[in-house]
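**Q** File name final_38.tsv; file contents TSV, C-alpha atoms; full text below.
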chain	number	residue	atom	x	y	z
H	1	MET	CA	90.68	63.97	67.64
H	2	THR	CA	92.34	61.83	64.96
H	3	GLU	CA	96.07	62.43	64.58
H	4	PHE	CA	97.44	62.48	61.02
H	5	GLY	CA	101.05	61.86	60.02
H	6	SER	CA	103.06	63.72	57.39
H	7	SER	CA	101.62	61.48	54.67
H	8	GLY	CA	98.12	62.59	55.61
H	9	MET	CA	97.12	59.08	56.68
H	10	SER	CA	96.34	58.07	60.24
H	11	GLU	CA	96.61	54.58	61.64
H	12	ALA	CA	94.22	52.04	60.11
H	13	ARG	CA	91.71	50.28	62.36
H	14	THR	CA	89.78	47.05	61.80
H	15	LEU	CA	86.04	47.28	62.51
H	16	SER	CA	83.46	44.49	62.69
H	17	ALA	CA	83.09	42.04	59.79
H	18	GLY	CA	86.72	42.68	58.84
H	19	VAL	CA	86.09	46.16	57.43
H	20	VAL	CA	89.24	48.32	57.65
H	21	LYS	CA	88.99	52.05	58.31
H	22	ARG	CA	91.73	54.33	56.90
H	23	PRO	CA	91.32	58.07	57.75
H	24	THR	CA	93.15	60.82	55.87
H	25	ARG	CA	92.67	64.45	54.76
H	26	LEU	CA	91.93	66.21	51.49
H	27	ALA	CA	94.02	69.14	50.28
H	28	ASP	CA	91.76	71.73	51.94
H	29	GLY	CA	91.71	69.89	55.28
H	30	ARG	CA	88.42	68.07	54.89
H	31	GLU	CA	88.29	64.61	56.41
H	32	LEU	CA	88.29	61.62	54.05
H	33	ILE	CA	87.88	58.05	55.30
H	34	TYR	CA	88.39	54.90	53.26
H	35	TYR	CA	86.45	51.81	54.37
H	36	ASP	CA	88.01	48.71	52.81
H	37	ASP	CA	85.98	45.58	52.18
H	38	PRO	CA	87.00	42.44	54.07
H	39	GLY	CA	89.43	40.67	51.76
H	40	THR	CA	89.89	43.81	49.64
H	41	THR	CA	92.27	43.69	46.69
H	42	LEU	CA	93.44	47.24	47.50
H	43	GLY	CA	96.77	47.81	49.18
H	44	PRO	CA	97.13	49.80	52.40
H	45	ASP	CA	98.65	52.92	50.81
H	46	ARG	CA	96.54	55.83	49.52
H	47	ALA	CA	97.58	58.72	47.30
H	48	VAL	CA	97.90	62.20	48.77
H	49	ASP	CA	95.42	64.79	47.48
H	50	ALA	CA	97.76	67.20	45.66
H	51	ARG	CA	95.10	69.55	44.27
H	52	GLU	CA	95.22	73.29	44.85
H	53	LEU	CA	91.79	74.01	46.27
H	54	ALA	CA	90.05	77.26	47.10
H	55	PRO	CA	89.27	77.92	50.76
H	56	ARG	CA	86.14	76.24	52.07
H	57	PRO	CA	82.98	78.37	51.98
H	58	GLU	CA	81.80	80.12	55.11
H	59	THR	CA	79.39	78.15	57.26
H	60	ALA	CA	75.79	78.82	56.26
H	61	THR	CA	73.27	80.68	58.42
H	62	MET	CA	70.01	79.31	59.79
H	63	ARG	CA	66.89	81.47	60.00
H	64	ARG	CA	63.93	80.57	62.18
H	65	ASP	CA	60.49	80.44	60.58
H	66	VAL	CA	58.42	82.02	63.33
H	67	LEU	CA	55.17	80.54	61.94
H	68	THR	CA	56.32	76.92	62.35
H	69	GLY	CA	59.36	77.10	64.62
H	70	ASP	CA	61.43	75.36	61.91
H	71	TRP	CA	65.02	76.40	61.21
H	72	VAL	CA	65.94	76.95	57.54
H	73	SER	CA	69.61	76.79	56.55
H	74	ILE	CA	70.48	79.32	53.82
H	75	ALA	CA	73.43	77.62	52.11
H	76	ALA	CA	74.14	79.64	48.97
H	77	SER	CA	77.38	77.76	48.20
H	78	ARG	CA	75.32	74.72	47.20
H	79	GLN	CA	74.31	76.54	44.01
H	80	ASN	CA	77.75	75.71	42.57
H	81	ARG	CA	77.69	71.94	43.11
H	82	ALA	CA	78.19	69.53	40.19
H	83	PHE	CA	75.15	68.80	38.04
H	84	LEU	CA	74.98	65.51	36.07
H	85	PRO	CA	78.65	65.51	34.94
H	86	PRO	CA	79.88	63.04	32.29
H	87	ALA	CA	81.63	59.88	33.48
H	88	HIS	CA	85.12	61.21	32.75
H	89	LEU	CA	84.50	64.16	35.10
H	90	ASP	CA	82.72	62.26	37.87
H	91	PRO	CA	83.70	64.07	41.12
H	92	LEU	CA	83.12	60.91	43.18
H	93	ALA	CA	85.29	58.59	41.08
H	94	PRO	CA	88.95	57.98	41.98
H	95	GLN	CA	91.23	60.74	40.69
H	96	THR	CA	92.94	60.38	37.31
H	97	PRO	CA	95.34	62.72	35.47
H	98	THR	CA	92.34	64.21	33.65
H	99	ASN	CA	89.77	64.09	36.47
H	100	PRO	CA	90.74	66.01	39.64
H	101	SER	CA	87.95	64.41	41.65
H	102	GLU	CA	87.30	64.46	45.39
H	103	ILE	CA	88.91	61.07	46.11
H	104	PRO	CA	92.66	60.67	45.40
H	105	SER	CA	92.85	56.85	45.36
H	106	ALA	CA	91.01	53.74	44.28
H	107	TYR	CA	88.56	52.70	46.98
H	108	ASP	CA	85.84	50.27	48.05
H	109	VAL	CA	83.77	52.73	50.14
H	110	ALA	CA	84.81	56.33	50.84
H	111	VAL	CA	83.31	58.98	53.12
H	112	PHE	CA	84.33	62.64	52.99
H	113	GLU	CA	83.15	66.04	54.15
H	114	ASN	CA	80.96	67.76	51.59
H	115	LYS	CA	82.69	70.68	49.85
H	116	SER	CA	79.44	72.70	49.80
H	117	PRO	CA	77.66	71.67	53.00
H	118	SER	CA	74.27	72.71	54.33
H	119	PHE	CA	75.68	72.44	57.87
H	120	GLY	CA	79.29	73.08	58.89
H	121	PRO	CA	82.22	73.07	58.67
H	122	ALA	CA	82.05	75.17	61.84
H	123	LEU	CA	81.03	73.37	65.02
H	124	ALA	CA	79.24	74.71	68.06
H	125	VAL	CA	81.05	76.33	70.95
H	126	ALA	CA	79.56	75.94	74.42
H	127	HIS	CA	77.97	79.02	75.98
H	128	PRO	CA	77.41	77.93	79.58
H	129	SER	CA	76.90	81.47	80.84
H	130	HIS	CA	74.40	82.49	78.17
H	131	PRO	CA	70.68	81.86	78.73
H	132	ALA	CA	68.38	81.65	75.71
H	133	ASP	CA	67.27	85.21	75.04
H	134	PRO	CA	65.27	86.35	71.99
H	135	ALA	CA	66.83	89.80	72.30
H	136	ASP	CA	70.38	88.50	71.84
H	137	ALA	CA	72.70	88.96	68.84
H	138	GLY	CA	70.89	86.21	66.93
H	139	ALA	CA	67.43	87.77	67.20
H	140	THR	CA	66.98	90.99	65.30
H	141	ASP	CA	63.17	91.41	65.43
H	142	GLY	CA	63.18	92.87	61.94
H	143	ALA	CA	66.34	94.95	62.29
H	144	ALA	CA	69.34	94.57	59.98
H	145	LEU	CA	70.85	91.09	60.19
H	146	VAL	CA	73.97	90.74	62.30
H	147	ALA	CA	76.54	87.98	62.24
H	148	PRO	CA	74.87	84.97	63.91
H	149	GLU	CA	76.50	82.76	66.51
H	150	PRO	CA	76.16	79.00	66.96
H	151	PRO	CA	73.10	77.62	68.75
H	152	ARG	CA	73.39	77.60	72.53
H	153	GLY	CA	71.48	74.36	72.88
H	154	LEU	CA	67.98	73.08	72.27
H	155	ASP	CA	66.33	75.55	74.65
H	156	ASP	CA	67.91	78.39	72.70
H	157	LEU	CA	66.54	77.04	69.42
H	158	VAL	CA	62.91	77.05	70.61
H	159	ALA	CA	63.07	80.56	72.11
H	160	PRO	CA	60.56	83.00	70.49
H	161	GLY	CA	61.30	86.12	68.49
H	162	LEU	CA	61.27	87.50	64.96
H	163	GLY	CA	64.39	87.51	62.79
H	164	ARG	CA	66.25	84.91	64.82
H	165	THR	CA	69.44	83.56	63.22
H	166	ARG	CA	72.08	81.04	64.16
H	167	THR	CA	75.15	79.64	62.42
H	168	SER	CA	74.41	76.34	60.61
H	169	VAL	CA	76.97	74.37	62.57
H	170	GLY	CA	77.29	70.61	62.10
H	171	ARG	CA	78.65	68.32	59.42
H	172	CYS	CA	77.56	67.03	56.00
H	173	GLU	CA	79.32	63.99	54.56
H	174	VAL	CA	79.16	62.13	51.25
H	175	VAL	CA	79.21	58.32	51.37
H	176	CYS	CA	80.48	56.78	48.12
H	177	PHE	CA	79.16	53.22	47.90
H	178	SER	CA	81.40	52.21	45.00
H	179	PRO	CA	83.99	53.67	42.60
H	180	GLU	CA	81.65	52.91	39.67
H	181	HIS	CA	80.15	55.90	37.84
H	182	ALA	CA	76.52	54.72	37.94
H	183	GLY	CA	74.40	52.62	40.26
H	184	SER	CA	72.82	52.75	43.71
H	185	PHE	CA	72.88	50.85	47.00
H	186	GLY	CA	70.76	48.12	45.40
H	187	SER	CA	73.43	47.42	42.75
H	188	LEU	CA	76.09	46.56	45.36
H	189	THR	CA	77.29	43.11	46.33
H	190	ALA	CA	76.31	41.84	49.77
H	191	THR	CA	79.93	42.26	50.89
H	192	ARG	CA	80.02	45.89	49.75
H	193	ALA	CA	76.60	46.58	51.29
H	194	ARG	CA	77.93	45.27	54.60
H	195	THR	CA	80.91	47.65	54.33
H	196	VAL	CA	78.57	50.62	53.79
H	197	ILE	CA	76.47	49.61	56.80
H	198	GLU	CA	79.64	49.44	58.89
H	199	ALA	CA	80.56	52.92	57.66
H	200	TRP	CA	77.09	54.21	58.65
H	201	ALA	CA	77.54	52.81	62.14
H	202	ASP	CA	81.06	54.19	62.52
H	203	ARG	CA	80.15	57.66	61.23
H	204	THR	CA	77.00	57.79	63.36
H	205	ALA	CA	79.13	57.27	66.47
H	206	ALA	CA	81.75	59.82	65.37
H	207	LEU	CA	79.32	62.53	64.30
H	208	SER	CA	77.19	62.09	67.43
H	209	ALA	CA	80.26	62.99	69.47
H	210	LEU	CA	80.85	66.33	67.72
H	211	PRO	CA	79.98	69.45	69.74
H	212	GLY	CA	76.56	70.87	68.98
H	213	VAL	CA	75.30	67.89	66.94
H	214	GLU	CA	71.79	66.88	68.00
H	215	GLN	CA	70.81	64.31	65.33
H	216	VAL	CA	72.57	62.20	62.69
H	217	PHE	CA	70.75	61.20	59.49
H	218	PRO	CA	72.10	58.76	56.84
H	219	PHE	CA	70.14	58.74	53.58
H	220	GLU	CA	70.25	57.93	49.88
H	221	ASN	CA	68.52	59.89	47.13
H	222	ARG	CA	68.11	57.79	44.00
H	223	GLY	CA	67.02	58.99	40.56
H	224	GLU	CA	66.70	62.28	38.69
H	225	ALA	CA	62.98	62.41	39.52
H	226	ILE	CA	64.03	62.85	43.16
H	227	GLY	CA	66.50	65.60	42.22
H	228	VAL	CA	69.74	63.61	42.16
H	229	THR	CA	72.53	65.55	40.46
H	230	LEU	CA	75.17	62.78	40.42
H	231	PRO	CA	74.48	59.28	39.02
H	232	HIS	CA	77.41	57.88	41.02
H	233	PRO	CA	76.22	55.37	43.68
H	234	HIS	CA	76.33	57.40	46.86
H	235	GLY	CA	74.41	58.62	49.87
H	236	GLN	CA	74.88	61.33	52.45
H	237	ILE	CA	74.98	61.81	56.20
H	238	TYR	CA	73.76	65.02	57.81
H	239	ALA	CA	74.69	65.92	61.39
H	240	TYR	CA	72.15	68.57	62.43
H	241	PRO	CA	72.49	71.21	65.17
H	242	TYR	CA	68.83	70.66	66.10
H	243	ILE	CA	66.25	67.88	66.27
H	244	THR	CA	64.52	67.78	62.89
H	245	PRO	CA	60.79	68.60	62.55
H	246	ARG	CA	60.01	64.99	61.56
H	247	THR	CA	61.69	63.63	64.68
H	248	THR	CA	60.15	66.31	66.89
H	249	SER	CA	56.73	65.09	65.74
H	250	LEU	CA	57.80	61.50	66.37
H	251	LEU	CA	58.87	62.27	69.94
H	252	ALA	CA	55.51	63.98	70.54
H	253	SER	CA	53.74	60.87	69.23
H	254	ILE	CA	55.75	58.67	71.58
H	255	ASP	CA	54.78	60.95	74.48
H	256	ARG	CA	51.14	60.60	73.44
H	257	GLU	CA	51.06	56.87	72.58
H	258	GLY	CA	53.53	55.48	75.13
H	259	PRO	CA	57.26	54.62	75.34
H	260	ASP	CA	56.73	51.17	73.77
H	261	LEU	CA	55.26	52.64	70.57
H	262	PHE	CA	57.73	51.03	68.17
H	263	ALA	CA	57.39	47.61	69.78
H	264	ARG	CA	53.60	47.82	69.39
H	265	ILE	CA	53.87	49.04	65.79
H	266	LEU	CA	56.09	46.08	64.94
H	267	GLU	CA	53.70	43.63	66.62
H	268	PHE	CA	50.71	45.21	64.86
H	269	GLU	CA	52.29	45.13	61.41
H	270	ARG	CA	53.74	41.61	61.72
H	271	ALA	CA	50.24	40.34	62.53
H	272	GLY	CA	48.75	41.98	59.44
H	273	GLU	CA	48.86	41.73	55.66
H	274	ARG	CA	51.33	44.47	54.84
H	275	VAL	CA	54.58	42.63	55.69
H	276	ILE	CA	56.93	42.42	52.70
H	277	LEU	CA	60.03	40.70	54.08
H	278	GLU	CA	61.09	39.26	57.45
H	279	GLY	CA	64.38	38.09	58.90
H	280	GLU	CA	65.64	37.08	62.30
H	281	HIS	CA	66.46	40.69	63.22
H	282	TRP	CA	64.48	42.91	60.80
H	283	THR	CA	60.99	43.24	59.31
H	284	ALA	CA	59.94	45.34	56.29
H	285	PHE	CA	56.33	46.39	55.77
H	286	VAL	CA	54.08	48.97	54.13
H	287	PRO	CA	52.80	51.13	57.01
H	288	PHE	CA	49.10	51.25	57.91
H	289	ALA	CA	48.75	54.92	56.86
H	290	ALA	CA	51.23	55.06	53.97
H	291	ARG	CA	51.35	58.44	52.26
H	292	TRP	CA	53.35	57.59	49.15
H	293	PRO	CA	52.51	55.17	46.30
H	294	ILE	CA	55.59	53.20	47.38
H	295	GLU	CA	56.38	53.48	51.08
H	296	ILE	CA	58.27	50.86	53.05
H	297	HIS	CA	59.35	50.87	56.66
H	298	LEU	CA	62.10	48.55	57.92
H	299	LEU	CA	62.45	48.05	61.68
H	300	PRO	CA	64.89	46.10	63.84
H	301	HIS	CA	63.19	43.60	66.14
H	302	ARG	CA	64.85	44.94	69.28
H	303	HIS	CA	65.17	48.53	70.38
H	304	VAL	CA	68.26	50.29	69.06
H	305	ALA	CA	68.53	54.07	68.90
H	306	ASP	CA	70.86	54.21	65.89
H	307	PHE	CA	73.25	52.25	63.70
H	308	ALA	CA	76.02	52.54	66.28
H	309	GLU	CA	73.91	50.41	68.67
H	310	THR	CA	73.31	47.56	66.20
H	311	THR	CA	75.20	44.30	66.68
H	312	PRO	CA	77.44	42.68	64.04
H	313	ALA	CA	74.76	40.00	63.57
H	314	GLU	CA	72.10	42.62	62.89
H	315	ARG	CA	74.36	44.36	60.37
H	316	ASP	CA	75.21	41.02	58.73
H	317	GLU	CA	71.54	40.23	58.13
H	318	LEU	CA	70.65	43.74	57.06
H	319	ALA	CA	73.04	43.74	54.08
H	320	PRO	CA	71.36	41.01	51.98
H	321	LEU	CA	67.87	41.77	53.30
H	322	TYR	CA	68.10	45.45	52.34
H	323	LEU	CA	69.51	44.53	48.92
H	324	ARG	CA	66.58	42.17	48.33
H	325	LEU	CA	64.15	44.92	49.31
H	326	LEU	CA	65.70	47.51	46.99
H	327	ARG	CA	65.90	45.09	44.07
H	328	GLY	CA	62.29	44.18	44.66
H	329	VAL	CA	61.33	47.85	44.39
H	330	ASP	CA	63.16	47.98	41.04
H	331	ALA	CA	61.39	44.79	39.90
H	332	LEU	CA	58.00	46.51	40.10
H	333	TYR	CA	58.53	48.14	36.69
H	334	ASP	CA	60.78	47.81	33.64
H	335	SER	CA	62.93	50.77	34.68
H	336	ALA	CA	64.65	51.79	37.91
H	337	THR	CA	62.42	53.39	40.54
H	338	PRO	CA	63.38	56.76	42.08
H	339	TYR	CA	63.28	56.82	45.87
H	340	ILE	CA	64.46	58.42	49.08
H	341	ALA	CA	65.88	55.93	51.57
H	342	ALA	CA	65.77	57.75	54.92
H	343	TRP	CA	67.36	56.09	57.96
H	344	HIS	CA	65.71	57.73	60.95
H	345	GLN	CA	67.82	57.62	64.10
H	346	ALA	CA	67.09	58.83	67.63
H	347	PRO	CA	68.46	62.24	68.57
H	348	VAL	CA	71.87	62.26	70.21
H	349	HIS	CA	70.66	63.45	73.62
H	350	ARG	CA	66.89	62.85	73.75
H	351	GLY	CA	64.47	59.96	73.24
H	352	ARG	CA	67.12	57.29	72.91
H	353	ASP	CA	65.17	54.79	75.02
H	354	THR	CA	62.02	55.20	72.93
H	355	ALA	CA	62.82	56.41	69.37
H	356	ARG	CA	63.97	53.41	67.35
H	357	LEU	CA	66.25	53.27	64.32
H	358	HIS	CA	64.15	52.60	61.23
H	359	LEU	CA	64.16	53.00	57.47
H	360	GLN	CA	61.47	54.95	55.67
H	361	LEU	CA	61.79	54.34	51.93
H	362	THR	CA	59.46	56.44	49.80
H	363	SER	CA	58.92	56.84	46.07
H	364	PRO	CA	56.54	59.14	44.15
H	365	ARG	CA	56.14	56.49	41.43
H	366	ARG	CA	52.47	55.51	41.24
H	367	ALA	CA	52.64	53.72	37.87
H	368	ALA	CA	55.23	52.85	35.23
H	369	ASP	CA	54.84	56.28	33.61
H	370	LYS	CA	53.27	58.35	36.41
H	371	LEU	CA	54.64	60.20	39.44
H	372	LYS	CA	52.82	61.61	42.43
H	373	PHE	CA	53.45	65.33	42.71
H	374	LEU	CA	52.81	67.13	45.97
H	375	ALA	CA	50.23	69.76	45.09
H	376	GLY	CA	47.91	72.00	47.11
H	377	SER	CA	46.68	69.74	49.91
H	378	GLU	CA	49.96	67.95	50.60
H	379	ALA	CA	52.48	70.70	49.87
H	380	ALA	CA	50.59	73.65	51.33
H	381	MET	CA	48.60	72.07	54.15
H	382	GLY	CA	50.43	68.83	54.94
H	383	ALA	CA	47.13	66.99	54.46
H	384	TRP	CA	47.96	63.83	52.53
H	385	ILE	CA	45.80	61.80	50.17
H	386	GLY	CA	47.01	58.29	49.36
H	387	ASP	CA	46.72	57.07	45.77
H	388	ILE	CA	47.13	53.33	46.40
H	389	PRO	CA	45.71	51.31	49.33
H	390	PRO	CA	48.65	50.16	51.49
H	391	GLU	CA	47.48	46.53	51.33
H	392	THR	CA	47.51	46.64	47.52
H	393	ALA	CA	50.99	48.16	47.50
H	394	ALA	CA	52.24	45.52	49.95
H	395	ALA	CA	50.93	42.65	47.82
H	396	LYS	CA	52.71	44.01	44.73
H	397	LEU	CA	55.93	44.57	46.64
H	398	ARG	CA	55.86	41.05	48.14
H	399	GLU	CA	55.51	39.61	44.65
H	400	ALA	CA	58.33	41.79	43.33
H	401	VAL	CA	60.66	40.94	46.22
H	402	ALA	CA	59.92	37.23	45.78
H	403	SER	CA	61.00	37.51	42.14
H	404	VAL	CA	64.55	38.57	43.09
H	405	PRO	CA	66.84	35.53	42.55
H	406	GLU	CA	68.61	34.41	45.73
H	407	GLU	CA	71.88	33.88	43.88
H	408	THR	CA	72.08	37.55	42.89
H	409	LEU	CA	72.42	38.73	46.50
Please express what this file holds, its structure, as structure tokens.

**A**
Amino acid sequence: MTEFGSSGMSEARTLSAGVVKRPTRLADGRELIYYDDPGTTLGPDRAVDARELAPRPETATMRRDVLTGDWVSIAASRQNRAFLPPAHLDPLAPQTPTNPSEIPSAYDVAVFENKSPSFGPALAVAHPSHPADPADAGATDGAALVAPEPPRGLDDLVAPGLGRTRTSVGRCEVVCFSPEHAGSFGSLTATRARTVIEAWADRTAALSALPGVEQVFPFENRGEAIGVTLPHPHGQIYAYPYITPRTTSLLASIDREGPDLFARILEFERAGERVILEGEHWTAFVPFAARWPIEIHLLPHRHVADFAETTPAERDELAPLYLRLLRGVDALYDSATPYIAAWHQAPVHRGRDTARLHLQLTSPRRAADKLKFLAGSEAAMGAWIGDIPPETAAAKLREAVASVPEETL
């Protein structure tokens, strides 16, 4: 556990690439971490959060969908989150006398616990003497709901029964890429991008060590068409108390196809016509069976389970390469492209020798003025129909990426 002094700041620590980590706390006890760029112009001191804040909301409750086995977190406090505020009331900008935002000081990159999380702030408590039992306090079989308890482990989460509930333990964090009011990861400098990547690696390691956390997921939602409610350049990190449905399917595919699945995918794609961008450590490509009009996967060349396992050299190359990729996506049309940038990482305790860190970037944009909406077949049945051949999409993306000037990275 991090120890904090009377000022609220703990001891700074230098990470790789010269990034400096400065942990502190917000007025309601939430963790806030500043990540300073190498050669930052900011001083070491940070202002104390002097706001008077209401108590944090109760941890949400998960309910199990017995038809699919999926857990659904019912987080009603998220209804009150900020929605497209003006610049002078940006909750992710540094605080001013007229803007009591979430971050007290000027910053390069800042990470803090979400005020209205889908998971947390409560964490799991071990139940070594409790077997998974569908007739326990978290399984009501249609009776009146009772106060749920945290999950007792993965075996508990797959146990059968109607009306099963568990506390949505875990952690949700906001990652502010810049103090600017508008932008995205693609608008950062290479130095700032490298700082964010270092923050992802550091937070992945820290969140993976929390009790009850089974998977850590960094991501960026970009654009109102995706549902973004804050234009401020930022992403999020979710620390789940279960292995997500997407990753559960992935692990089943690895069991079916073989433990070297990602190595074979990379070899297959690099030999084909869908590669967009290659480096010494990373390759970006449109996948063979792309679902979305714009879908890009980015894989490291060696097996790493998550960002915490990447080397400084891999992080150094990723910063400009990822920027080039994102700016290429924006160069496809005359206006910025909405997307979800999902960094899939191996679960904390399972599949770490076989499930590889990778990016899946998707956008519903199928033309300058058209979006793909998930209708009956995709939304209801999960049966996808692609609008654009992956080879055609890859050719357009290669051309767009090639148009990005080297000097802008």

**Q** Dig up all the protein and nucleic acid residues within 12 Å of (47.9, 49.3, 47.8) in the file frame, using only C-alpha atoms, and format them as a list of chain:residue names.

**A** H:Glu273, H:Arg274, H:Phe285, H:Val286, H:Pro287, H:Phe288, H:Ala289, H:Ala290, H:Arg291, H:Trp292, H:Pro293, H:Ile294, H:Glu295, H:Ile296, H:Arg366, H:Ala367, H:Gly386, H:Asp387, H:Ile388, H:Pro389, H:Pro390, H:Glu391, H:Thr392, H:Ala393, H:Ala394, H:Ala395, H:Lys396, H:Leu397, H:Arg398

**Q** Given all atoms listed in the file as the basis, pick out the residue of H:Gly161, H:Pro97, H:Gly212, H:Pro312 nearest to Arg63 of chain H.

**A**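 For Arg63 of chain H, the nearest of the given residues is H:Gly161.
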
**Q** Name the closest residue to Thr189 of chain H among the candidates H:Cys176, H:Leu409, H:Val66, H:Leu318; distances are taken between atoms, counting only C-alpha atoms.

**A**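 Smallest distance to Thr189 of chain H is found for H:Leu409.
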
**Q** Choose the residue, out of H:Ala199, H:Val228, H:Leu359, H:Ala308, that has the smallest atom-to-atom separation from Thr283 of chain H; count all atoms listed in the file.

**A**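 Under the stated criterion, the closest residue is H:Leu359.
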
**Q** Got a sec: who's within 12 Å of Ile340 of chain H, counting all atoms listed in the file, leaving out chain neighbours fewer than 6 positions off, as number ranges by chain?

**A** H: 184-185, 218-228, 235-236, 292, 294-297, 326, 329, 359-365

**Q** Got time to write the residues from that selection, C-alpha atoms, as an mmCIF file, keeping the file's coordinate frame?

**A**
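What follows is the written file part_1.cif:
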data_model
loop_
_atom_site.group_PDB
_atom_site.id
_atom_site.type_symbol
_atom_site.label_atom_id
_atom_site.label_comp_id
_atom_site.auth_asym_id
_atom_site.auth_seq_id
_atom_site.Cartn_x
_atom_site.Cartn_y
_atom_site.Cartn_z
ATOM 1 C CA SER H 184 72.820 52.750 43.710
ATOM 2 C CA PHE H 185 72.880 50.850 47.000
ATOM 3 C CA PRO H 218 72.100 58.760 56.840
ATOM 4 C CA PHE H 219 70.140 58.740 53.580
ATOM 5 C CA GLU H 220 70.250 57.930 49.880
ATOM 6 C CA ASN H 221 68.520 59.890 47.130
ATOM 7 C CA ARG H 222 68.110 57.790 44.000
ATOM 8 C CA GLY H 223 67.020 58.990 40.560
ATOM 9 C CA GLU H 224 66.700 62.280 38.690
ATOM 10 C CA ALA H 225 62.980 62.410 39.520
ATOM 11 C CA ILE H 226 64.030 62.850 43.160
ATOM 12 C CA GLY H 227 66.500 65.600 42.220
ATOM 13 C CA VAL H 228 69.740 63.610 42.160
ATOM 14 C CA GLY H 235 74.410 58.620 49.870
ATOM 15 C CA GLN H 236 74.880 61.330 52.450
ATOM 16 C CA TRP H 292 53.350 57.590 49.150
ATOM 17 C CA ILE H 294 55.590 53.200 47.380
ATOM 18 C CA GLU H 295 56.380 53.480 51.080
ATOM 19 C CA ILE H 296 58.270 50.860 53.050
ATOM 20 C CA HIS H 297 59.350 50.870 56.660
ATOM 21 C CA LEU H 326 65.700 47.510 46.990
ATOM 22 C CA VAL H 329 61.330 47.850 44.390
ATOM 23 C CA LEU H 359 64.160 53.000 57.470
ATOM 24 C CA GLN H 360 61.470 54.950 55.670
ATOM 25 C CA LEU H 361 61.790 54.340 51.930
ATOM 26 C CA THR H 362 59.460 56.440 49.800
ATOM 27 C CA SER H 363 58.920 56.840 46.070
ATOM 28 C CA PRO H 364 56.540 59.140 44.150
ATOM 29 C CA ARG H 365 56.140 56.490 41.430
#

**Q** One decimal, Å: what's the distance from atom CA of Ala75 of chain H over to atom CA of Phe177 of chain H, could you say?

**A**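 These two atoms are separated by 25.4 Å.
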
**Q** Counting all atoms listed in the file, what is within 6 Å of segment 168-170 of chain H, bar same-chain residues fewer than 6 positions away, as a PyMOL selection string?

**A** chain H and resi 60-62+119-120+122-124+213+239-241

**Q** Using atom CA of Ala252 of chain H and atom CA of Trp71 of chain H as the two end points, give the distance in Å to one decimal.

**A**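 Answer for the atom CA of Ala252 of chain H to atom CA of Trp71 of chain H separation: 18.2 Å.
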
**Q** Do you have the atom CA of Pro245 of chain H-atom CA of Val216 of chain H distance handy?

**A**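 Atom-to-atom, atom CA of Pro245 of chain H to atom CA of Val216 of chain H, that is 13.4 Å.
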
**Q** I'd like the neighbourhood of Thr244 of chain H as a PyMOL selection string, where a residue qualifies if any of its atoms comes within 10 Å (using all atoms listed in the file), though same-chain residues fewer than 4 positions away should be ignored.

**A** chain H and resi 70-71+214-217+240+248-250+347

**Q** Those residues you just picked out, can you put them in a file as an mmCIF file, keeping the file's coordinate frame with C-alpha atoms?

**A**
data_model
loop_
_atom_site.group_PDB
_atom_site.id
_atom_site.type_symbol
_atom_site.label_atom_id
_atom_site.label_comp_id
_atom_site.auth_asym_id
_atom_site.auth_seq_id
_atom_site.Cartn_x
_atom_site.Cartn_y
_atom_site.Cartn_z
ATOM 1 C CA ASP H 70 61.430 75.360 61.910
ATOM 2 C CA TRP H 71 65.020 76.400 61.210
ATOM 3 C CA GLU H 214 71.790 66.880 68.000
ATOM 4 C CA GLN H 215 70.810 64.310 65.330
ATOM 5 C CA VAL H 216 72.570 62.200 62.690
ATOM 6 C CA PHE H 217 70.750 61.200 59.490
ATOM 7 C CA TYR H 240 72.150 68.570 62.430
ATOM 8 C CA THR H 248 60.150 66.310 66.890
ATOM 9 C CA SER H 249 56.730 65.090 65.740
ATOM 10 C CA LEU H 250 57.800 61.500 66.370
ATOM 11 C CA PRO H 347 68.460 62.240 68.570
#

**Q** Tell me which of H:Glu58, H:Asp255, H:Glu113, H:Asp37 sits closest to Thr24 of chain H, counting only C-alpha atoms.

**A**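 Closest residue, counting only C-alpha atoms: H:Glu113.
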
**Q** Looking at all atoms listed in the file, which of H:Gly272, H:Pro121, H:Pro259, H:Gly18 is the one that sits closest to Arg30 of chain H?

**A**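 Closest to Arg30 of chain H of all the choices is H:Pro121.
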
**Q** From the set H:Val348, H:Ala50, H:Leu371, H:Ala402, which residue has the shortest atom-to-atom contact distance to Leu154 of chain H, counting only C-alpha atoms?

**A**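 The answer is H:Val348, which sits nearest to Leu154 of chain H.
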
**Q** Hey, what's within 10 Å of Ala375 of chain H if we count all atoms listed in the file and toss same-chain stuff fewer than 6 positions away? As JSON, numbers by chain, please?

**A** {"H": [381, 382, 384]}

**Q** Can you pull out the residues contacting His281 of chain H? Cut-off 9 Å, using all atoms listed in the file, and skip same-chain residues under 2 positions away; I want them as a count of residues only.

**A** 11
